[in-house]
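S.K.: The structure file model_33.cif (mmCIF, C-alpha atoms and all ligand atoms) is provided below.
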data_run
loop_
_atom_site.label_atom_id
_atom_site.label_comp_id
_atom_site.auth_asym_id
_atom_site.auth_seq_id
_atom_site.Cartn_x
_atom_site.Cartn_y
_atom_site.Cartn_z
CA MET A 1 17.55 -13.40 21.07
CA ASN A 2 15.28 -16.29 22.01
CA PRO A 3 13.51 -17.25 18.73
CA SER A 4 10.20 -17.57 20.63
CA ASN A 5 10.42 -13.81 21.05
CA THR A 6 10.62 -13.19 17.30
CA PHE A 7 7.56 -12.76 15.07
CA GLN A 8 6.76 -11.57 11.58
CA VAL A 9 4.20 -9.07 12.93
CA SER A 10 3.77 -7.51 16.33
CA ILE A 11 0.48 -5.75 17.04
CA ILE A 12 0.30 -3.29 19.90
CA GLY A 13 -3.25 -3.12 21.26
CA GLY A 14 -5.83 -5.90 21.31
CA GLY A 15 -8.95 -3.91 20.47
CA ILE A 16 -11.12 -4.43 17.45
CA ALA A 17 -8.45 -3.21 14.97
CA GLY A 18 -5.55 -5.24 16.35
CA LEU A 19 -7.50 -8.46 16.92
CA THR A 20 -9.20 -8.51 13.51
CA LEU A 21 -5.82 -8.00 11.81
CA ALA A 22 -4.23 -10.74 13.95
CA ILE A 23 -6.97 -13.23 13.01
CA GLN A 24 -6.54 -12.54 9.29
CA LEU A 25 -2.73 -12.86 9.52
CA ALA A 26 -3.08 -16.15 11.41
CA ASP A 27 -5.47 -17.39 8.69
CA GLU A 28 -2.75 -16.61 6.12
CA GLY A 29 -0.15 -18.51 8.19
CA TYR A 30 1.96 -15.54 9.41
CA SER A 31 3.43 -15.54 12.91
CA CYS A 32 1.88 -12.77 14.92
CA ILE A 33 1.89 -11.49 18.51
CA VAL A 34 -0.65 -9.12 20.09
CA PHE A 35 0.09 -7.11 23.25
CA GLU A 36 -2.92 -5.99 25.29
CA LYS A 37 -2.50 -4.09 28.55
CA ASN A 38 -5.86 -5.29 29.95
CA LYS A 39 -7.26 -8.77 30.56
CA TYR A 40 -10.33 -10.02 28.62
CA PRO A 41 -13.20 -9.65 29.05
CA PHE A 42 -13.31 -5.97 29.95
CA HIS A 43 -15.59 -3.00 29.36
CA LYS A 44 -14.72 -0.09 27.06
CA VAL A 45 -16.27 3.33 26.53
CA CYS A 46 -18.11 2.86 23.22
CA GLY A 47 -21.69 3.26 21.94
CA GLU A 48 -21.63 -0.45 20.93
CA TYR A 49 -23.54 0.14 17.70
CA VAL A 50 -21.72 -1.60 14.83
CA SER A 51 -22.55 -0.60 11.27
CA MET A 52 -23.81 -3.54 9.17
CA GLU A 53 -20.95 -2.91 6.72
CA SER A 54 -18.73 -5.19 8.85
CA TRP A 55 -21.22 -7.98 9.65
CA ASN A 56 -20.00 -10.30 6.82
CA PHE A 57 -16.36 -9.56 7.61
CA LEU A 58 -16.78 -10.60 11.25
CA GLU A 59 -18.61 -13.77 10.24
CA ARG A 60 -15.79 -14.61 7.80
CA LEU A 61 -13.30 -14.27 10.66
CA GLY A 62 -15.25 -16.92 12.56
CA LEU A 63 -17.64 -14.96 14.81
CA LYS A 64 -21.05 -16.58 14.69
CA LEU A 65 -23.00 -13.32 14.92
CA SER A 66 -26.14 -14.80 13.41
CA GLU A 67 -26.34 -17.28 16.29
CA MET A 68 -25.96 -14.62 18.98
CA ASN A 69 -29.47 -13.19 18.85
CA LEU A 70 -28.20 -9.62 18.50
CA PRO A 71 -30.54 -6.65 17.97
CA HIS A 72 -30.64 -5.30 14.39
CA ILE A 73 -30.99 -1.55 14.31
CA LYS A 74 -32.76 0.12 11.39
CA LYS A 75 -34.18 3.35 12.83
CA LEU A 76 -32.54 6.53 14.06
CA THR A 77 -33.99 9.29 16.23
CA VAL A 78 -32.02 12.49 16.83
CA SER A 79 -33.12 15.22 19.23
CA SER A 80 -31.98 18.77 19.91
CA PRO A 81 -31.09 19.86 23.48
CA SER A 82 -34.68 21.05 23.94
CA GLY A 83 -36.08 17.72 22.74
CA LYS A 84 -37.11 18.55 19.16
CA ALA A 85 -36.80 15.15 17.42
CA LEU A 86 -36.31 13.85 13.90
CA HIS A 87 -36.78 10.24 12.84
CA HIS A 88 -34.92 8.51 10.05
CA GLN A 89 -34.94 5.04 8.48
CA LEU A 90 -31.36 3.78 8.12
CA ASP A 91 -30.43 2.19 4.77
CA LEU A 92 -27.82 -0.24 5.98
CA GLY A 93 -28.32 0.07 9.73
CA GLY A 94 -26.31 -1.75 12.35
CA PHE A 95 -26.35 -4.22 15.19
CA GLY A 96 -25.78 -3.94 18.93
CA ILE A 97 -23.10 -5.87 20.81
CA SER A 98 -21.10 -4.91 23.91
CA ARG A 99 -17.34 -4.47 23.61
CA TYR A 100 -17.11 -6.80 26.62
CA LEU A 101 -18.51 -9.58 24.44
CA LEU A 102 -17.18 -8.58 21.01
CA ASP A 103 -13.53 -8.03 22.00
CA SER A 104 -13.40 -11.19 24.11
CA LYS A 105 -14.91 -13.28 21.26
CA LEU A 106 -12.29 -11.85 18.90
CA ALA A 107 -9.53 -12.57 21.44
CA GLU A 108 -10.75 -16.17 21.81
CA THR A 109 -10.88 -16.61 18.00
CA ALA A 110 -7.37 -15.16 17.62
CA LYS A 111 -5.95 -17.54 20.26
CA ASN A 112 -7.70 -20.54 18.68
CA LYS A 113 -6.09 -19.66 15.35
CA GLY A 114 -2.59 -19.58 16.82
CA VAL A 115 -2.05 -15.89 17.54
CA VAL A 116 0.18 -15.30 20.57
CA LEU A 117 -1.93 -12.94 22.67
CA LEU A 118 -0.22 -11.46 25.72
CA GLU A 119 -2.77 -9.98 28.12
CA ASP A 120 -1.90 -7.73 31.05
CA CYS A 121 1.07 -6.70 28.92
CA LYS A 122 1.78 -3.02 28.44
CA VAL A 123 4.10 -1.85 25.68
CA SER A 124 6.43 0.95 26.77
CA ASP A 125 8.44 1.56 23.59
CA VAL A 126 8.80 0.51 19.94
CA LYS A 127 12.05 1.11 18.06
CA PHE A 128 12.95 0.53 14.40
CA ASP A 129 16.56 0.00 13.29
CA GLY A 130 15.89 0.09 9.54
CA LYS A 131 15.28 -3.68 9.35
CA GLN A 132 13.28 -4.81 12.36
CA PHE A 133 11.34 -3.52 15.35
CA THR A 134 12.17 -3.98 19.02
CA VAL A 135 9.05 -3.89 21.19
CA GLU A 136 9.65 -3.28 24.91
CA THR A 137 6.87 -4.58 27.14
CA SER A 138 6.08 -5.38 30.76
CA LYS A 139 6.60 -9.06 29.82
CA GLY A 140 9.94 -8.69 28.05
CA ILE A 141 11.42 -7.63 24.74
CA PHE A 142 10.10 -8.86 21.39
CA ILE A 143 11.41 -8.57 17.84
CA SER A 144 9.36 -8.36 14.64
CA GLU A 145 9.77 -7.45 11.00
CA ILE A 146 6.53 -5.40 11.01
CA ALA A 147 4.99 -3.40 13.87
CA VAL A 148 1.35 -2.31 13.90
CA GLY A 149 0.12 0.40 16.26
CA ALA A 150 -3.45 -0.52 17.22
CA TRP A 151 -3.43 1.15 20.62
CA GLY A 152 -6.63 3.17 20.18
CA LYS A 153 -7.65 6.74 20.97
CA LYS A 154 -4.84 7.53 23.38
CA SER A 155 -1.89 5.72 24.83
CA ASN A 156 1.42 6.22 26.61
CA LEU A 157 2.98 5.40 23.22
CA ASP A 158 1.55 8.55 21.58
CA ILE A 159 3.59 10.60 24.05
CA LYS A 160 6.62 8.32 23.77
CA LEU A 161 6.65 8.73 19.99
CA ALA A 162 5.99 12.49 20.36
CA ARG A 163 3.11 12.30 17.88
CA ALA A 164 2.14 15.71 16.52
CA PHE A 165 -1.43 15.68 17.89
CA THR A 166 -0.16 15.28 21.47
CA MET A 167 1.69 18.63 21.18
CA LYS A 168 -1.42 20.62 20.21
CA ASP A 169 -3.43 22.83 22.55
CA LYS A 170 -4.73 20.44 25.23
CA THR A 171 -8.01 22.31 25.77
CA GLU A 172 -9.09 22.41 22.12
CA ASN A 173 -10.90 19.41 20.53
CA ASN A 174 -10.79 17.65 23.90
CA TYR A 175 -13.69 15.38 24.81
CA VAL A 176 -14.75 13.08 27.62
CA GLY A 177 -16.68 9.82 27.02
CA ILE A 178 -18.94 8.12 29.61
CA LYS A 179 -20.72 4.77 29.31
CA TYR A 180 -23.31 2.74 31.22
CA HIS A 181 -25.20 -0.45 30.59
CA ILE A 182 -28.81 0.04 31.52
CA SER A 183 -32.07 -1.83 31.54
CA ILE A 184 -35.07 0.00 30.09
CA ASP A 185 -38.11 -0.56 27.89
CA PHE A 186 -36.68 0.47 24.50
CA PRO A 187 -37.25 -0.89 20.95
CA ASP A 188 -34.76 -3.45 19.56
CA ASP A 189 -34.43 -1.76 16.16
CA LEU A 190 -33.80 1.83 17.26
CA ILE A 191 -30.78 3.97 17.99
CA GLU A 192 -31.33 7.38 19.55
CA LEU A 193 -28.89 10.27 19.64
CA HIS A 194 -29.84 13.07 22.03
CA ASN A 195 -28.02 16.38 22.05
CA PHE A 196 -27.32 18.45 25.14
CA GLU A 197 -25.12 21.46 25.72
CA ASN A 198 -21.67 20.65 24.25
CA GLY A 199 -22.36 16.96 23.85
CA TYR A 200 -24.63 14.12 22.78
CA CYS A 201 -25.74 10.79 24.14
CA GLY A 202 -26.55 7.56 22.25
CA ILE A 203 -28.85 4.76 23.39
CA SER A 204 -29.39 1.40 21.72
CA LYS A 205 -29.86 -2.23 22.58
CA ILE A 206 -27.03 -4.78 22.93
CA GLU A 207 -27.09 -8.51 23.84
CA ASP A 208 -29.07 -10.17 26.66
CA GLY A 209 -31.80 -7.53 26.78
CA LYS A 210 -29.38 -4.83 27.99
CA HIS A 211 -28.89 -1.35 26.54
CA CYS A 212 -25.85 0.83 26.10
CA LEU A 213 -26.13 4.47 27.11
CA CYS A 214 -22.98 6.34 26.11
CA TYR A 215 -22.23 10.02 25.76
CA ILE A 216 -19.43 12.31 24.73
CA CYS A 217 -19.06 15.94 25.80
CA ASP A 218 -16.61 18.77 25.84
CA SER A 219 -14.14 18.27 28.71
CA GLU A 220 -14.97 21.85 29.83
CA ASN A 221 -18.51 20.66 30.64
CA LEU A 222 -17.20 18.30 33.28
CA LYS A 223 -14.64 20.79 34.59
CA LYS A 224 -17.49 23.21 35.26
CA TYR A 225 -18.89 20.64 37.71
CA ASN A 226 -15.47 19.85 39.24
CA GLY A 227 -15.46 16.39 37.67
CA ASP A 228 -18.79 15.45 39.30
CA ILE A 229 -20.40 13.27 36.59
CA LYS A 230 -23.72 12.82 38.41
CA LYS A 231 -24.09 16.58 38.91
CA MET A 232 -23.30 17.29 35.26
CA GLU A 233 -25.85 14.70 34.16
CA LYS A 234 -28.49 16.31 36.37
CA GLU A 235 -27.72 19.91 35.42
CA VAL A 236 -26.87 19.49 31.72
CA LEU A 237 -27.93 16.18 30.15
CA MET A 238 -31.32 16.02 31.86
CA LYS A 239 -32.35 19.31 30.30
CA ASN A 240 -33.09 17.18 27.25
CA PRO A 241 -36.51 15.60 28.05
CA PHE A 242 -35.54 12.26 26.43
CA LEU A 243 -32.43 11.99 28.59
CA LYS A 244 -34.32 13.08 31.69
CA LYS A 245 -36.66 10.13 31.17
CA TYR A 246 -33.81 7.62 30.69
CA PHE A 247 -31.73 8.89 33.60
CA THR A 248 -34.71 8.77 35.95
CA GLU A 249 -36.45 5.57 34.74
CA ALA A 250 -33.62 3.20 33.73
CA VAL A 251 -31.94 0.66 35.97
CA PHE A 252 -28.20 1.35 35.83
CA LEU A 253 -26.25 -1.91 35.75
CA PHE A 254 -22.72 -0.60 36.50
CA ASP A 255 -21.75 0.47 40.03
CA GLU A 256 -19.80 3.40 38.57
CA PRO A 257 -19.82 5.05 35.14
CA LEU A 258 -17.02 4.01 32.80
CA ALA A 259 -15.12 7.10 31.68
CA ILE A 260 -12.37 8.09 29.28
CA SER A 261 -10.87 11.56 28.89
CA GLN A 262 -8.72 13.43 26.37
CA ILE A 263 -10.48 12.12 23.28
CA LYS A 264 -9.42 14.00 20.12
CA ILE A 265 -11.42 13.80 16.91
CA GLY A 266 -9.45 13.90 13.65
CA TYR A 267 -6.74 12.35 11.48
CA LYS A 268 -3.46 11.58 13.26
CA ASN A 269 -1.15 9.84 10.69
CA ALA A 270 -1.29 6.35 9.27
CA ILE A 271 2.48 5.83 9.50
CA GLU A 272 4.57 6.90 12.47
CA ASN A 273 8.28 5.96 12.78
CA ASN A 274 7.64 3.14 10.25
CA ILE A 275 4.87 1.74 12.49
CA LEU A 276 1.63 1.05 10.59
CA MET A 277 -1.16 2.73 12.54
CA LEU A 278 -4.52 0.98 12.63
CA GLY A 279 -8.00 1.96 13.84
CA ASP A 280 -8.24 4.89 16.26
CA SER A 281 -4.42 5.13 16.43
CA ALA A 282 -4.51 6.45 12.87
CA GLY A 283 -7.52 8.72 13.33
CA ASN A 284 -10.72 9.15 15.35
CA ILE A 285 -14.07 9.64 13.69
CA ALA A 286 -16.68 11.44 15.84
CA PRO A 287 -18.71 8.80 17.74
CA LEU A 288 -22.00 10.25 16.43
CA SER A 289 -21.21 8.50 13.11
CA GLY A 290 -21.31 5.07 14.75
CA ASN A 291 -18.57 4.08 12.32
CA GLY A 292 -15.29 3.93 14.28
CA MET A 293 -15.38 0.16 14.75
CA SER A 294 -16.15 -0.52 11.09
CA MET A 295 -13.33 1.80 10.03
CA ALA A 296 -10.97 -0.07 12.34
CA MET A 297 -12.04 -3.38 10.78
CA ARG A 298 -11.96 -2.11 7.20
CA SER A 299 -8.42 -0.75 7.70
CA SER A 300 -7.31 -4.12 9.10
CA PHE A 301 -8.83 -5.84 6.04
CA VAL A 302 -6.89 -3.61 3.65
CA LEU A 303 -3.67 -3.75 5.67
CA ASN A 304 -3.84 -7.56 5.71
CA GLY A 305 -3.95 -7.53 1.88
CA LEU A 306 -0.95 -5.19 1.70
CA LEU A 307 1.03 -7.25 4.22
CA ASN A 308 0.40 -10.32 2.07
CA GLU A 309 1.92 -8.48 -0.89
CA TYR A 310 4.87 -7.41 1.27
CA PHE A 311 5.62 -10.89 2.67
CA ASN A 312 5.31 -12.37 -0.82
CA LYS A 313 7.92 -9.80 -1.95
CA LYS A 314 5.57 -8.10 -4.40
CA ILE A 315 6.11 -4.74 -2.69
CA THR A 316 8.91 -3.23 -0.59
CA ARG A 317 8.56 -1.77 2.89
CA THR A 318 8.49 1.75 1.42
CA GLU A 319 5.74 0.77 -1.03
CA LEU A 320 3.80 -0.91 1.77
CA GLU A 321 3.89 2.29 3.82
CA THR A 322 3.05 4.54 0.86
CA LYS A 323 0.14 2.36 -0.29
CA TYR A 324 -1.30 2.06 3.22
CA GLU A 325 -1.10 5.78 3.91
CA LEU A 326 -2.70 6.53 0.55
CA PHE A 327 -5.55 4.11 1.33
CA TRP A 328 -6.16 5.73 4.73
CA LYS A 329 -6.20 9.25 3.37
CA SER A 330 -8.36 8.51 0.33
CA GLU A 331 -10.89 6.34 2.15
CA PHE A 332 -11.18 7.83 5.64
CA LYS A 333 -9.61 11.27 5.97
CA GLN A 334 -12.58 13.12 4.49
CA ARG A 335 -15.04 11.04 6.55
CA VAL A 336 -13.14 11.82 9.75
CA GLU A 337 -12.80 15.53 9.02
CA PHE A 338 -16.51 15.82 8.09
CA SER A 339 -17.45 14.16 11.38
CA LYS A 340 -15.16 16.59 13.22
CA LEU A 341 -17.07 19.46 11.63
CA LEU A 342 -20.42 17.91 12.62
CA GLN A 343 -19.15 17.43 16.15
CA LYS A 344 -18.19 21.14 16.31
CA LEU A 345 -21.53 22.21 14.88
CA LEU A 346 -23.39 20.27 17.56
CA LYS A 347 -21.61 22.35 20.22
CA ASN A 348 -23.69 25.33 19.21
CA LYS A 349 -27.21 25.08 20.65
CA SER A 350 -29.01 27.26 18.08
CA LEU A 351 -27.13 25.72 15.15
CA THR A 352 -28.11 22.26 16.44
CA ASN A 353 -31.76 23.31 16.63
CA PHE A 354 -31.59 24.80 13.14
CA THR A 355 -29.85 21.73 11.66
CA ILE A 356 -32.34 19.32 13.22
CA SER A 357 -35.28 21.37 11.90
CA ALA A 358 -33.71 21.40 8.41
CA LEU A 359 -32.88 17.69 8.43
CA LYS A 360 -36.38 16.89 9.72
CA ARG A 361 -37.85 18.35 6.54
CA ILE A 362 -35.29 17.20 3.94
CA SER A 363 -34.87 13.42 3.79
CA PHE A 364 -32.16 13.36 1.08
CA LEU A 365 -30.04 15.63 3.31
CA ARG A 366 -30.45 13.14 6.18
CA ASN A 367 -29.35 10.32 3.86
CA ALA A 368 -26.38 12.38 2.66
CA VAL A 369 -25.19 13.04 6.23
CA VAL A 370 -25.46 9.34 7.19
CA LYS A 371 -23.74 8.24 3.93
CA SER A 372 -20.85 10.70 4.30
CA THR A 373 -19.84 9.11 7.62
CA HIS A 374 -20.24 5.47 6.47
CA GLY A 375 -18.63 3.04 4.05
CA LYS A 376 -19.80 -0.02 2.10
CA PRO A 377 -19.79 -3.68 3.22
CA PHE A 378 -16.44 -5.44 2.69
C1 LIG A 401 -17.90 7.87 23.45
C2 LIG A 401 -17.60 7.00 22.26
C3 LIG A 401 -18.63 6.26 21.65
C4 LIG A 401 -18.37 5.48 20.52
N1 LIG A 401 -19.38 4.78 19.96
C5 LIG A 401 -19.14 4.04 18.85
C6 LIG A 401 -20.20 3.29 18.26
O1 LIG A 401 -21.33 3.23 18.73
N2 LIG A 401 -19.92 2.58 17.12
C7 LIG A 401 -18.66 2.57 16.55
O2 LIG A 401 -18.47 1.91 15.51
N3 LIG A 401 -17.65 3.25 17.13
C8 LIG A 401 -17.86 3.97 18.26
N4 LIG A 401 -16.82 4.63 18.86
C9 LIG A 401 -15.48 4.49 18.28
C10 LIG A 401 -14.87 3.11 18.63
O3 LIG A 401 -14.92 2.91 20.03
C11 LIG A 401 -13.43 3.04 18.15
O4 LIG A 401 -13.35 3.52 16.83
C12 LIG A 401 -12.89 1.62 18.21
O5 LIG A 401 -12.86 1.17 19.53
C13 LIG A 401 -11.49 1.59 17.62
O6 LIG A 401 -10.91 0.34 17.85
P1 LIG A 401 -9.34 0.23 18.08
O7 LIG A 401 -9.02 -1.22 18.07
O8 LIG A 401 -8.63 1.13 17.15
O9 LIG A 401 -9.09 0.85 19.53
P2 LIG A 401 -9.51 0.26 20.94
O10 LIG A 401 -10.74 -0.54 20.86
O11 LIG A 401 -9.50 1.44 21.87
O12 LIG A 401 -8.33 -0.74 21.32
C14 LIG A 401 -7.04 -0.30 21.64
C15 LIG A 401 -6.44 -1.30 22.64
O13 LIG A 401 -5.07 -0.99 22.85
C16 LIG A 401 -4.76 -1.23 24.21
N5 LIG A 401 -3.54 -0.46 24.53
C17 LIG A 401 -3.40 0.89 24.55
N6 LIG A 401 -2.11 1.22 24.86
C18 LIG A 401 -1.45 0.04 25.03
C19 LIG A 401 -0.10 -0.28 25.37
N7 LIG A 401 0.82 0.65 25.57
N8 LIG A 401 0.23 -1.59 25.47
C20 LIG A 401 -0.70 -2.58 25.26
N9 LIG A 401 -1.99 -2.32 24.95
C21 LIG A 401 -2.35 -1.03 24.83
C22 LIG A 401 -6.01 -0.77 24.96
O14 LIG A 401 -6.12 -1.34 26.22
C23 LIG A 401 -7.11 -1.21 24.00
O15 LIG A 401 -7.67 -2.47 24.34
C24 LIG A 401 -17.04 5.42 20.00
C25 LIG A 401 -16.02 6.13 20.60
C26 LIG A 401 -16.28 6.91 21.73
C27 LIG A 401 -15.17 7.67 22.36
#
Here is the file; what I need is its structure written in the form of structure tokens.

M.R.:
Amino acid sequence: MNPSNTFQVSIIGGGIAGLTLAIQLADEGYSCIVFEKNKYPFHKVCGEYVSMESWNFLERLGLKLSEMNLPHIKKLTVSSPSGKALHHQLDLGGFGISRYLLDSKLAETAKNKGVVLLEDCKVSDVKFDGKQFTVETSKGIFISEIAVGAWGKKSNLDIKLARAFTMKDKTENNYVGIKYHISIDFPDDLIELHNFENGYCGISKIEDGKHCLCYICDSENLKKYNGDIKKMEKEVLMKNPFLKKYFTEAVFLFDEPLAISQIKIGYKNAIENNILMLGDSAGNIAPLSGNGMSMAMRSSFVLNGLLNEYFNKKITRTELETKYELFWKSEFKQRVEFSKLLQKLLKNKSLTNFTISALKRISFLRNAVVKSTHGKPF
């Protein structure tokens, strides 16, 4: 084997989870390769609201967020399908940045720190022989002592590894995500979440005066309209008066909507065939929490610490896997499952109306819901 094909860590997927781990490993002096099937910069379906809990972490990695003039978001408005709205002041809040910009900045930082980042490189298989991993890719075969699965919500590799969640009923817990960048008169410090039948849509500001409008809905919604996104938006989303206003008044900056299907909410497994799963590959929190990116970063922060212990021979591979899985379950599993419940609840129109009326009146309940889907700064 050519030694240039051998690394201490291989990371499959160059999203927010994989890239933040790669940067930390490079800072510690470990040799690390990242495989990303796309080429930066590229757009991704995401609400692009990042919880403030990861601001300091990103700055420590070398991203100069404070110099990027990003909108800081402190207020939340939620509406029911009929347009009944509640307003809430967020404790910690968040900031807006497109994935186009964030992921490409992380990729640039990783490369500058010595990470080998292979773009346009799709991984087709990962095998473990008890000692090391063989990673088969469109750009050749690579060997590593550790393999990290950071391939996001869904990937060819989930099927290849026959992960349990891929075997479940395909129609249940099956969502579609759609995103646009728009231009509209909208406050810098606000995020809005508007419910419609079997789905909800978030709007908030990102960089350069643009806004992200992103929604998730039951895949059955779209099937009903034979996959016609525009028709579904007109017939379903625009029944909410807030959304009607945005869809009719905003300037849409993409030629076509960006879409992703077969999104599953829930815990998937933090270890799979000895691969350490990171970010959405380990579990998906419902997007309404606005916390998926911070969870991905927090898990990379903790995994980096554990990998340090492993490479310094303080823990064995088995202990590394056990400790990481324990961390994932104790810190995130409850958060993910609670968000799954919330997501289900929002599918029911009258329950959504009732919940919004109740939350409108009881502020500590609003705080409790926001807190139960968020973590602390790290
Ligand atoms: C509709 C929607 C809205 C959301 N809104 C928000 C929000 O506002 N705030 C928030 O914090 N979170 C939000 N999330 C969640 C957030 O997008 C994810 O939690 C986050 O992207 C997870 O990062 P990741 O690195 O795990 O995965 P990703 O960012 O998806 O990265 C995975 C990468 O792996 C690559 N890949 C996949 N398979 C292969 C392969 N075989 N070979 C090579 N590369 C591969 C992909 O191309 C991708 O770049 C939202 C999610 C959805 C669905």

S.K.: Rank A:Ile184, A:Pro241, A:Ala286, A:Asp189 by their smallest atom-to-atom distance to Cys217 of chain A, using all atoms listed in the file, and report the top residue only.

M.R.: A:Ala286

S.K.: List as a list in words: which residues have an atom within 12 Å of (-16.2, 17.1, 9.8), counting only C-alpha atoms?

M.R.: Ile265, Gly266, Tyr267, Asn284, Ile285, Ala286, Pro287, Leu288, Ser289, Phe332, Lys333, Gln334, Arg335, Val336, Glu337, Phe338, Ser339, Lys340, Leu341, Leu342, Gln343, Lys344, Leu345, Leu346, Val369, Ser372 and Thr373 of chain A

S.K.: For C-alpha atoms, I'd like the residues from the last selection saved as a PDB file, keeping the file's coordinate frame.

M.R.:
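Below is the file that was written, again_6.pdb:
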ATOM      1  CA  ILE A 265     -11.420  13.800  16.910  1.00  0.00           C
ATOM      2  CA  GLY A 266      -9.450  13.900  13.650  1.00  0.00           C
ATOM      3  CA  TYR A 267      -6.740  12.350  11.480  1.00  0.00           C
ATOM      4  CA  ASN A 284     -10.720   9.150  15.350  1.00  0.00           C
ATOM      5  CA  ILE A 285     -14.070   9.640  13.690  1.00  0.00           C
ATOM      6  CA  ALA A 286     -16.680  11.440  15.840  1.00  0.00           C
ATOM      7  CA  PRO A 287     -18.710   8.800  17.740  1.00  0.00           C
ATOM      8  CA  LEU A 288     -22.000  10.250  16.430  1.00  0.00           C
ATOM      9  CA  SER A 289     -21.210   8.500  13.110  1.00  0.00           C
ATOM     10  CA  PHE A 332     -11.180   7.830   5.640  1.00  0.00           C
ATOM     11  CA  LYS A 333      -9.610  11.270   5.970  1.00  0.00           C
ATOM     12  CA  GLN A 334     -12.580  13.120   4.490  1.00  0.00           C
ATOM     13  CA  ARG A 335     -15.040  11.040   6.550  1.00  0.00           C
ATOM     14  CA  VAL A 336     -13.140  11.820   9.750  1.00  0.00           C
ATOM     15  CA  GLU A 337     -12.800  15.530   9.020  1.00  0.00           C
ATOM     16  CA  PHE A 338     -16.510  15.820   8.090  1.00  0.00           C
ATOM     17  CA  SER A 339     -17.450  14.160  11.380  1.00  0.00           C
ATOM     18  CA  LYS A 340     -15.160  16.590  13.220  1.00  0.00           C
ATOM     19  CA  LEU A 341     -17.070  19.460  11.630  1.00  0.00           C
ATOM     20  CA  LEU A 342     -20.420  17.910  12.620  1.00  0.00           C
ATOM     21  CA  GLN A 343     -19.150  17.430  16.150  1.00  0.00           C
ATOM     22  CA  LYS A 344     -18.190  21.140  16.310  1.00  0.00           C
ATOM     23  CA  LEU A 345     -21.530  22.210  14.880  1.00  0.00           C
ATOM     24  CA  LEU A 346     -23.390  20.270  17.560  1.00  0.00           C
ATOM     25  CA  VAL A 369     -25.190  13.040   6.230  1.00  0.00           C
ATOM     26  CA  SER A 372     -20.850  10.700   4.300  1.00  0.00           C
ATOM     27  CA  THR A 373     -19.840   9.110   7.620  1.00  0.00           C
TER      28      THR A 373
END

S.K.: Fewer than 2 positions away in the same chain doesn't count, so skip those; otherwise give me all residues within 7 Å of segment 4-14 of chain A, counting all atoms listed in the file, as number ranges by chain.

M.R.: A: 2, 16, 18-19, 30-36, 142-151

S.K.: Chain A near ligand LIG 401 (chain A) within 6 Å: what's each residue's closest atom pair and its distance in Å to one decimal, counting all atoms listed in the file, ordered by chain then ascending residue number, as CSV?

M.R.:
residue,atom,partner,partner_atom,distance
A:Ile12,CA,A:LIG401,C20,5.5
A:Gly13,CA,A:LIG401,O13,3.2
A:Gly14,CA,A:LIG401,C15,4.8
A:Gly15,CA,A:LIG401,O12,3.3
A:Ile16,CA,A:LIG401,O7,3.9
A:Ala17,CA,A:LIG401,O7,3.7
A:Gly18,CA,A:LIG401,O7,5.6
A:Phe35,CA,A:LIG401,C20,5.0
A:Glu36,CA,A:LIG401,N9,3.8
A:Lys37,CA,A:LIG401,C20,4.0
A:Asn38,CA,A:LIG401,O14,5.4
A:Val45,CA,A:LIG401,C1,5.7
A:Cys46,CA,A:LIG401,C4,3.8
A:Gly47,CA,A:LIG401,O1,3.2
A:Glu48,CA,A:LIG401,O1,4.3
A:Tyr49,CA,A:LIG401,O1,3.9
A:Val50,CA,A:LIG401,O2,4.8
A:Cys121,CA,A:LIG401,C20,5.8
A:Lys122,CA,A:LIG401,N8,3.6
A:Val123,CA,A:LIG401,N8,3.9
A:Ser124,CA,A:LIG401,N7,5.7
A:Ala150,CA,A:LIG401,O8,5.4
A:Trp151,CA,A:LIG401,O13,3.5
A:Gly152,CA,A:LIG401,O9,3.4
A:Lys153,CA,A:LIG401,O11,5.7
A:Ser155,CA,A:LIG401,N6,4.5
A:Asn156,CA,A:LIG401,N7,5.7
A:Leu157,CA,A:LIG401,N7,5.7
A:Gly177,CA,A:LIG401,C1,4.2
A:Cys214,CA,A:LIG401,C1,5.9
A:Tyr215,CA,A:LIG401,C1,5.4
A:Ile216,CA,A:LIG401,C1,4.9
A:Gly279,CA,A:LIG401,O8,3.5
A:Asp280,CA,A:LIG401,O8,3.9
A:Ser281,CA,A:LIG401,O8,5.9
A:Pro287,CA,A:LIG401,C4,4.3
A:Gly290,CA,A:LIG401,N2,3.7
A:Asn291,CA,A:LIG401,O2,3.9
A:Gly292,CA,A:LIG401,O4,3.2
A:Met293,CA,A:LIG401,O2,3.6
A:Ser294,CA,A:LIG401,O2,5.6
A:Ala296,CA,A:LIG401,O8,5.5

S.K.: Produce the centre coordinates and the three edge lengths, each in Å to one decimal, of the box along x, y and z that contains all listed atoms of segment 372-378 of chain A with 3 Å added on each side, as AutoDock Vina command-line options.

M.R.:
--center_x -18.6 --center_y 2.6 --center_z 4.9 --size_x 10.4 --size_y 22.1 --size_z 11.5

S.K.: Between atom CA of Lys75 of chain A and atom CA of Ile191 of chain A, what distance in Å does the model show, to one decimal?

M.R.: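 One can read the atom CA of Lys75 of chain A to atom CA of Ile191 of chain A distance as 6.2 Å.
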
S.K.: Work out how far apart atom CA of Lys360 of chain A and atom CA of Ala85 of chain A are and give it in Å to one decimal.

M.R.: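 Calculated distance between atom CA of Lys360 of chain A and atom CA of Ala85 of chain A is 7.9 Å.
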
S.K.: Can you work out which one of A:Arg60, A:Lys84, A:His211, A:Lys223 has the shortest atom-to-atom distance to Ala250 of chain A, counting only C-alpha atoms?

M.R.: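 The answer is A:His211, which sits nearest to Ala250 of chain A.
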